[in-house]
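Student: Just dropping this structure here.
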Amino acid sequence: MTSTPRDQSGEPNPLHALTLDELRRRTSMKWRTHPADVLPLWVAEMDVPLARPVVRAVTEAMELGDTGYPFGTAYAEALAAFAGKRWGWDDLAVERTAIVPDVMLGVVEMLRLVTDPGDPVIVNPPVYPPFYAFVAHMDRRVVEAPLDPGLRIDLGVLEETFRRAVAGGGRAAYLLCSPHNPTGTVHTAEELAAVAALAERHGVRVVADEIHAPVVTAPDARFVPYLSVPGAERGLALMSASKGWNLAGLKAALALAGPGAAADLARMPEEVGHGPSHIGVLAHTAA
Ligand SMILES: Cc1ncc(COP(=O)(O)O)c(C=O)c1O
């Protein structure tokens, strides 16, 4: 008889809960893009069962026919509680949040608020490739400020890039990936405060994609929310339970504004908030 594999804490390892045959019954992008004999390891869909509270929330909604339009701030309130507990961030202001369909569409909407067509959007390669496609598709210019050889943000390169980006007179934004994908680099509070200072000095607006924040559990790395660092008051951020709880198919994410960006977020068109699904919001809230 084989015993259930356990993780370091002695809990059953969720990566062993589903068999390969069960996983191959999934019909999502990961499992259907390549032929059936390929073991797909290319996209961030998790090979684990869903967390029970998520299954319960979605099942209850189905049984109740609670399948209308999303309403209210429950997702933001849940995130605020999570942020306090997990990251010691007690200042997440629910009134400065908005639901968006997912993180990438949220990024696009935040960039739309703080830049105009043709304006530069700075990224740190190597970085999540869709940053390029989404920015190009919204008629902004991708400008690269590569990470340093240690795969950390190169503050010298970033400052020079900021300086050149605003030299033309337009507006500029910095699309910060925090934690960084694909390197896994978790930016420190000092690095983020330095980024905020540079952005303020050069008039560059920061949009932080923090989708991987909940998956940082390494004892030697602590995720720091960008909006929690001094000087980041004019920043915007995107958070979501989609990576941490495998909810990409249950569309929802949250846009967050610092106090100095509240007026920008308030300009987000109402229809953007109609994109997330009510079931997605319920699932993310439960997560
Ligand atoms: C850095 C980063 N941002 C955004 C996304 C996509 O998120 P969403 O599906 O919420 O748009 C991913 C997906 O892996 C990602 O790695």
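A note on labels: chains of the structure tokens are A, B, ... as shown, every chain counts residues from 1, and ligands are counted from 1 in their shown order.
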Give me, as a ChimeraX atom specification, the set of residues whose atoms come within 8 Å of any atom of ligand 1, counting only C-alpha atoms and all ligand atoms.
Tutor: /A:43-44,101-106,127-128,130-131,177-182,209-212,240,242-243,248,251-253
Student: Report the residues of range 25-196 of chain A whose backbone DSSP state falls under alpha helix (DSSP H), written as number ranges by chain.
Tutor: A: 29-32, 52-64, 74-87, 103-114, 130-137, 155-167, 189-196
Student: Restricting the calculation to only C-alpha atoms, which member of A:Asp66, A:Asp21, A:Glu45, A:Glu11 is positioned closest to Val281 in chain A?
Tutor: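 Going through A:Asp66, A:Asp21, A:Glu45, A:Glu11 one by one, the smallest distance to Val281 in chain A is for A:Asp66.
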Student: Which value, in Å to one decimal, gives the distance between CA of Ser277 in chain A and CA of Thr67 in chain A?
Tutor: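 Going from CA of Ser277 in chain A over to CA of Thr67 in chain A covers 8.6 Å.
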Student: Considering only C-alpha atoms, return as number ranges by chain whatever protein or nucleic-acid residues lie within 9 Å of Val94 in chain A, sequence-local ones (same chain, fewer than 6 positions apart) excluded.
Tutor: A: 73, 76-77, 79-80, 256
Student: Could you pull out the strand (DSSP E or B) residues of range 76-118 of chain A, going by DSSP on the backbone, and write them as a PyMOL selection string?
Tutor: chain A and resi 97-100
Student: Pick from A:His284, A:Ala263, A:Thr217, A:Tyr226: nearest to Arg86 in chain A, with only C-alpha atoms counted?
Tutor: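 The answer is A:Thr217, which sits nearest to Arg86 in chain A.
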Student: For Met46 in chain A, please output as a CSV table (one decimal) with all heavy atoms, in the first residue's frame all residues within 12 Å (counting only C-alpha atoms; exclusion window: fewer than 2 positions along the same chain).
Tutor:
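The result, stored in selection33.csv:
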```csv
chain,number,residue,atom,x,y,z
A,14,PRO,N,-1.1,18.6,-2.0
A,14,PRO,CA,-2.2,18.8,-2.9
A,14,PRO,C,-1.7,18.5,-4.4
A,14,PRO,O,-2.6,18.1,-5.2
A,14,PRO,CB,-2.6,20.3,-2.8
A,14,PRO,CG,-1.5,20.9,-2.1
A,14,PRO,CD,-0.7,19.9,-1.3
A,15,LEU,N,-0.4,18.5,-4.6
A,15,LEU,CA,0.1,18.2,-6.0
A,15,LEU,C,-0.1,16.8,-6.3
A,15,LEU,O,0.0,16.3,-7.4
A,15,LEU,CB,1.5,18.6,-6.1
A,15,LEU,CG,1.8,20.1,-6.3
A,15,LEU,CD1,3.2,20.5,-6.1
A,15,LEU,CD2,1.3,20.6,-7.6
A,16,HIS,N,-0.4,15.9,-5.3
A,16,HIS,CA,-0.6,14.5,-5.5
A,16,HIS,C,-2.0,14.1,-5.4
A,16,HIS,O,-2.4,12.9,-5.5
A,16,HIS,CB,0.3,13.7,-4.5
A,16,HIS,CG,1.7,13.8,-4.7
A,16,HIS,ND1,2.5,13.0,-5.5
A,16,HIS,CD2,2.6,14.7,-4.3
A,16,HIS,CE1,3.7,13.4,-5.6
A,16,HIS,NE2,3.9,14.4,-4.8
A,17,ALA,N,-2.9,15.1,-5.2
A,17,ALA,CA,-4.3,14.8,-5.0
A,17,ALA,C,-5.0,14.3,-6.3
A,17,ALA,O,-5.9,13.5,-6.2
A,17,ALA,CB,-5.0,16.0,-4.4
A,18,LEU,N,-4.6,14.8,-7.4
A,18,LEU,CA,-5.3,14.5,-8.7
A,18,LEU,C,-4.4,13.6,-9.5
A,18,LEU,O,-3.2,13.9,-9.6
A,18,LEU,CB,-5.7,15.8,-9.4
A,18,LEU,CG,-6.7,16.7,-8.7
A,18,LEU,CD1,-6.8,18.0,-9.5
A,18,LEU,CD2,-8.0,16.0,-8.6
A,23,LEU,N,-6.4,15.0,-14.4
A,23,LEU,CA,-5.9,16.3,-14.9
A,23,LEU,C,-6.2,16.4,-16.4
A,23,LEU,O,-6.6,17.5,-16.9
A,23,LEU,CB,-4.4,16.6,-14.6
A,23,LEU,CG,-4.1,16.8,-13.1
A,23,LEU,CD1,-2.6,16.7,-12.9
A,23,LEU,CD2,-4.7,18.2,-12.7
A,26,ARG,N,-9.3,17.9,-17.7
A,26,ARG,CA,-9.6,19.3,-17.8
A,26,ARG,C,-9.5,19.8,-19.2
A,26,ARG,O,-8.8,19.3,-20.0
A,26,ARG,CB,-8.5,20.0,-16.9
A,26,ARG,CG,-8.6,19.8,-15.4
A,26,ARG,CD,-7.6,20.6,-14.7
A,26,ARG,NE,-7.8,20.4,-13.2
A,26,ARG,CZ,-7.0,21.0,-12.3
A,26,ARG,NH1,-6.0,21.8,-12.7
A,26,ARG,NH2,-7.3,20.9,-11.0
A,28,SER,N,-9.1,23.2,-20.1
A,28,SER,CA,-8.5,24.5,-20.2
A,28,SER,C,-7.3,24.6,-21.1
A,28,SER,O,-6.8,23.5,-21.6
A,28,SER,CB,-8.1,25.0,-18.8
A,28,SER,OG,-7.2,24.1,-18.2
A,29,MET,N,-6.8,25.8,-21.3
A,29,MET,CA,-5.7,26.0,-22.2
A,29,MET,C,-4.5,25.1,-22.0
A,29,MET,O,-3.9,24.5,-22.9
A,29,MET,CB,-5.3,27.5,-22.1
A,29,MET,CG,-4.4,28.0,-23.1
A,29,MET,SD,-3.9,29.7,-22.6
A,29,MET,CE,-5.0,30.6,-23.6
A,30,LYS,N,-4.2,25.0,-20.7
A,30,LYS,CA,-3.0,24.2,-20.4
A,30,LYS,C,-3.1,22.7,-21.0
A,30,LYS,O,-2.1,22.2,-21.5
A,30,LYS,CB,-2.8,24.1,-18.9
A,30,LYS,CG,-1.7,23.2,-18.4
A,30,LYS,CD,-1.4,23.3,-16.9
A,30,LYS,CE,-0.3,22.4,-16.5
A,30,LYS,NZ,0.2,22.7,-15.2
A,31,TRP,N,-4.3,22.2,-20.8
A,31,TRP,CA,-4.4,20.8,-21.2
A,31,TRP,C,-4.9,20.5,-22.6
A,31,TRP,O,-4.8,19.4,-23.1
A,31,TRP,CB,-5.4,20.1,-20.2
A,31,TRP,CG,-4.8,20.1,-18.8
A,31,TRP,CD1,-5.0,21.0,-17.8
A,31,TRP,CD2,-3.8,19.2,-18.3
A,31,TRP,NE1,-4.2,20.8,-16.7
A,31,TRP,CE2,-3.4,19.6,-17.0
A,31,TRP,CE3,-3.1,18.1,-18.9
A,31,TRP,CZ2,-2.4,19.0,-16.3
A,31,TRP,CZ3,-2.2,17.4,-18.1
A,31,TRP,CH2,-1.8,17.9,-16.8
A,40,PRO,N,2.0,19.0,-20.2
A,40,PRO,CA,2.1,20.4,-20.3
A,40,PRO,C,2.5,21.1,-19.0
A,40,PRO,O,1.9,20.9,-18.0
A,40,PRO,CB,0.6,20.8,-20.7
A,40,PRO,CG,-0.2,19.8,-20.1
A,40,PRO,CD,0.6,18.5,-20.0
A,41,LEU,N,3.6,21.9,-19.1
A,41,LEU,CA,4.1,22.6,-17.9
A,41,LEU,C,4.4,24.0,-18.2
A,41,LEU,O,5.4,24.6,-17.8
A,41,LEU,CB,5.4,21.9,-17.4
A,41,LEU,CG,5.3,20.4,-17.0
A,41,LEU,CD1,6.7,19.8,-16.8
A,41,LEU,CD2,4.5,20.4,-15.7
A,42,TRP,N,3.6,24.6,-19.1
A,42,TRP,CA,3.9,25.9,-19.7
A,42,TRP,C,3.2,27.1,-19.2
A,42,TRP,O,3.5,28.2,-19.5
A,42,TRP,CB,3.8,25.8,-21.2
A,42,TRP,CG,2.4,25.5,-21.7
A,42,TRP,CD1,1.7,24.4,-21.7
A,42,TRP,CD2,1.5,26.5,-22.2
A,42,TRP,NE1,0.4,24.5,-22.1
A,42,TRP,CE2,0.2,25.8,-22.5
A,42,TRP,CE3,1.6,27.9,-22.4
A,42,TRP,CZ2,-0.9,26.5,-23.0
A,42,TRP,CZ3,0.5,28.5,-23.0
A,42,TRP,CH2,-0.7,27.9,-23.2
A,43,VAL,N,2.1,26.9,-18.6
A,43,VAL,CA,1.2,28.1,-18.2
A,43,VAL,C,0.8,27.9,-16.8
A,43,VAL,O,0.7,26.8,-16.2
A,43,VAL,CB,0.0,28.2,-19.2
A,43,VAL,CG1,-1.0,27.1,-19.0
A,43,VAL,CG2,-0.6,29.6,-19.1
A,44,ALA,N,0.5,29.0,-16.1
A,44,ALA,CA,0.3,29.0,-14.7
A,44,ALA,C,-1.2,28.6,-14.4
A,44,ALA,O,-2.0,29.4,-14.0
A,44,ALA,CB,0.5,30.4,-14.1
A,48,VAL,N,-3.7,21.2,-8.9
A,48,VAL,CA,-4.2,20.9,-7.5
A,48,VAL,C,-5.8,21.0,-7.5
A,48,VAL,O,-6.3,21.7,-8.4
A,48,VAL,CB,-3.6,21.8,-6.5
A,48,VAL,CG1,-2.1,21.6,-6.4
A,48,VAL,CG2,-4.0,23.3,-6.8
A,49,PRO,N,-6.5,20.3,-6.6
A,49,PRO,CA,-7.9,20.6,-6.5
A,49,PRO,C,-8.1,22.0,-6.0
A,49,PRO,O,-7.2,22.6,-5.3
A,49,PRO,CB,-8.3,19.6,-5.4
A,49,PRO,CG,-7.2,18.7,-5.1
A,49,PRO,CD,-5.9,19.4,-5.6
A,50,LEU,N,-9.3,22.5,-6.2
A,50,LEU,CA,-9.6,23.9,-5.7
A,50,LEU,C,-9.8,23.8,-4.2
A,50,LEU,O,-10.2,22.8,-3.6
A,50,LEU,CB,-10.9,24.4,-6.3
A,50,LEU,CG,-10.9,25.0,-7.7
A,50,LEU,CD1,-12.3,25.6,-8.0
A,50,LEU,CD2,-9.8,26.0,-7.8
A,51,ALA,N,-9.5,24.9,-3.5
A,51,ALA,CA,-9.7,25.0,-2.1
A,51,ALA,C,-11.2,24.8,-1.8
A,51,ALA,O,-12.0,25.4,-2.5
A,51,ALA,CB,-9.2,26.4,-1.6
A,242,SER,N,-6.1,34.9,-8.4
A,242,SER,CA,-6.1,34.0,-9.5
A,242,SER,C,-4.9,33.1,-9.6
A,242,SER,O,-5.0,31.9,-9.9
A,242,SER,CB,-6.3,34.7,-10.9
A,242,SER,OG,-5.2,35.4,-11.2
A,243,LYS,N,-3.7,33.6,-9.3
A,243,LYS,CA,-2.5,32.7,-9.3
A,243,LYS,C,-2.4,31.9,-8.0
A,243,LYS,O,-2.1,30.7,-8.1
A,243,LYS,CB,-1.2,33.5,-9.4
A,243,LYS,CG,-1.1,34.2,-10.8
A,243,LYS,CD,-1.0,33.3,-11.9
A,243,LYS,CE,-2.1,33.6,-12.9
A,243,LYS,NZ,-2.2,32.8,-14.1
A,244,GLY,N,-2.7,32.5,-6.9
A,244,GLY,CA,-2.5,31.8,-5.6
A,244,GLY,C,-3.5,30.6,-5.4
A,244,GLY,O,-3.3,29.6,-4.7
A,245,TRP,N,-4.7,30.8,-6.0
A,245,TRP,CA,-5.8,29.8,-5.8
A,245,TRP,C,-6.3,29.2,-7.1
A,245,TRP,O,-7.4,28.5,-7.1
A,245,TRP,CB,-6.9,30.4,-5.0
A,245,TRP,CG,-6.6,30.6,-3.6
A,245,TRP,CD1,-6.9,29.8,-2.5
A,245,TRP,CD2,-5.9,31.8,-3.0
A,245,TRP,NE1,-6.5,30.4,-1.4
A,245,TRP,CE2,-5.8,31.5,-1.6
A,245,TRP,CE3,-5.3,32.9,-3.5
A,245,TRP,CZ2,-5.2,32.4,-0.8
A,245,TRP,CZ3,-4.7,33.8,-2.7
A,245,TRP,CH2,-4.7,33.6,-1.3
A,246,ASN,N,-5.6,29.4,-8.2
A,246,ASN,CA,-5.9,28.7,-9.5
A,246,ASN,C,-7.3,29.2,-10.0
A,246,ASN,O,-8.2,28.3,-10.3
A,246,ASN,CB,-5.9,27.2,-9.4
A,246,ASN,CG,-5.8,26.6,-10.8
A,246,ASN,OD1,-5.2,27.2,-11.7
A,246,ASN,ND2,-6.3,25.4,-10.9
A,247,LEU,N,-7.6,30.5,-10.0
A,247,LEU,CA,-8.9,31.0,-10.4
A,247,LEU,C,-8.9,31.7,-11.7
A,247,LEU,O,-9.8,32.6,-11.9
A,247,LEU,CB,-9.4,31.9,-9.3
A,247,LEU,CG,-9.5,31.2,-7.9
A,247,LEU,CD1,-10.0,32.2,-6.8
A,247,LEU,CD2,-10.4,30.0,-7.9
A,248,ALA,N,-8.0,31.5,-12.6
A,248,ALA,CA,-7.9,32.2,-13.8
A,248,ALA,C,-9.3,32.1,-14.6
A,248,ALA,O,-9.6,33.1,-15.3
A,248,ALA,CB,-6.8,31.8,-14.7
A,249,GLY,N,-10.0,31.0,-14.5
A,249,GLY,CA,-11.2,30.9,-15.2
A,249,GLY,C,-12.4,31.5,-14.5
A,249,GLY,O,-13.5,31.4,-15.0
```
Student: Would you list the contacts of Thr59 in chain A as a PDB file with N, CA, C and O atoms, in the first residue's frame, taking every protein, DNA or RNA residue within 12 Å and counting only C-alpha atoms, but skipping same-chain residues closer than 5 positions in sequence?
Tutor:
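Saved to part-v7.pdb:
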```pdb
ATOM      1  N   ARG A  52     -11.472  24.073  -0.688  1.00  0.00           N
ATOM      2  CA  ARG A  52     -12.868  23.747  -0.376  1.00  0.00           C
ATOM      3  C   ARG A  52     -13.747  24.997  -0.200  1.00  0.00           C
ATOM      4  O   ARG A  52     -14.895  25.015  -0.658  1.00  0.00           O
ATOM      5  N   PRO A  53     -13.279  26.045   0.474  1.00  0.00           N
ATOM      6  CA  PRO A  53     -14.152  27.221   0.627  1.00  0.00           C
ATOM      7  C   PRO A  53     -14.537  27.856  -0.716  1.00  0.00           C
ATOM      8  O   PRO A  53     -15.639  28.396  -0.855  1.00  0.00           O
ATOM      9  N   VAL A  54     -13.646  27.735  -1.696  1.00  0.00           N
ATOM     10  CA  VAL A  54     -13.967  28.268  -3.033  1.00  0.00           C
ATOM     11  C   VAL A  54     -15.047  27.402  -3.669  1.00  0.00           C
ATOM     12  O   VAL A  54     -16.040  27.902  -4.215  1.00  0.00           O
ATOM     13  N   LEU A  64     -28.271  28.459  -5.568  1.00  0.00           N
ATOM     14  CA  LEU A  64     -29.176  29.567  -5.273  1.00  0.00           C
ATOM     15  C   LEU A  64     -29.571  30.324  -6.542  1.00  0.00           C
ATOM     16  O   LEU A  64     -30.458  31.166  -6.530  1.00  0.00           O
ATOM     17  N   GLY A  65     -28.864  30.032  -7.619  1.00  0.00           N
ATOM     18  CA  GLY A  65     -29.071  30.834  -8.825  1.00  0.00           C
ATOM     19  C   GLY A  65     -28.548  32.244  -8.642  1.00  0.00           C
ATOM     20  O   GLY A  65     -29.041  33.204  -9.246  1.00  0.00           O
ATOM     21  N   ASP A  66     -27.512  32.360  -7.795  1.00  0.00           N
ATOM     22  CA  ASP A  66     -26.930  33.678  -7.507  1.00  0.00           C
ATOM     23  C   ASP A  66     -25.922  34.010  -8.609  1.00  0.00           C
ATOM     24  O   ASP A  66     -24.726  34.101  -8.376  1.00  0.00           O
ATOM     25  N   THR A  67     -26.444  34.157  -9.833  1.00  0.00           N
ATOM     26  CA  THR A  67     -25.566  34.269 -10.996  1.00  0.00           C
ATOM     27  C   THR A  67     -25.791  35.589 -11.746  1.00  0.00           C
ATOM     28  O   THR A  67     -25.661  35.660 -12.964  1.00  0.00           O
ATOM     29  N   ILE A 279     -19.663  35.367 -10.153  1.00  0.00           N
ATOM     30  CA  ILE A 279     -19.163  34.100  -9.595  1.00  0.00           C
ATOM     31  C   ILE A 279     -17.663  34.216  -9.346  1.00  0.00           C
ATOM     32  O   ILE A 279     -17.135  33.716  -8.345  1.00  0.00           O
ATOM     33  N   LEU A 282     -17.175  36.132  -6.174  1.00  0.00           N
ATOM     34  CA  LEU A 282     -17.484  35.273  -5.014  1.00  0.00           C
ATOM     35  C   LEU A 282     -16.337  34.300  -4.746  1.00  0.00           C
ATOM     36  O   LEU A 282     -15.951  34.083  -3.595  1.00  0.00           O
ATOM     37  N   ALA A 283     -15.804  33.711  -5.823  1.00  0.00           N
ATOM     38  CA  ALA A 283     -14.721  32.741  -5.658  1.00  0.00           C
ATOM     39  C   ALA A 283     -13.467  33.404  -5.090  1.00  0.00           C
ATOM     40  O   ALA A 283     -12.828  32.881  -4.164  1.00  0.00           O
ATOM     41  N   ALA A 286     -13.938  34.234  -1.411  1.00  0.00           N
ATOM     42  CA  ALA A 286     -13.792  33.042  -0.570  1.00  0.00           C
ATOM     43  C   ALA A 286     -12.317  32.658  -0.445  1.00  0.00           C
ATOM     44  O   ALA A 286     -11.839  32.283   0.617  1.00  0.00           O
TER      45      ALA A 286
END
```
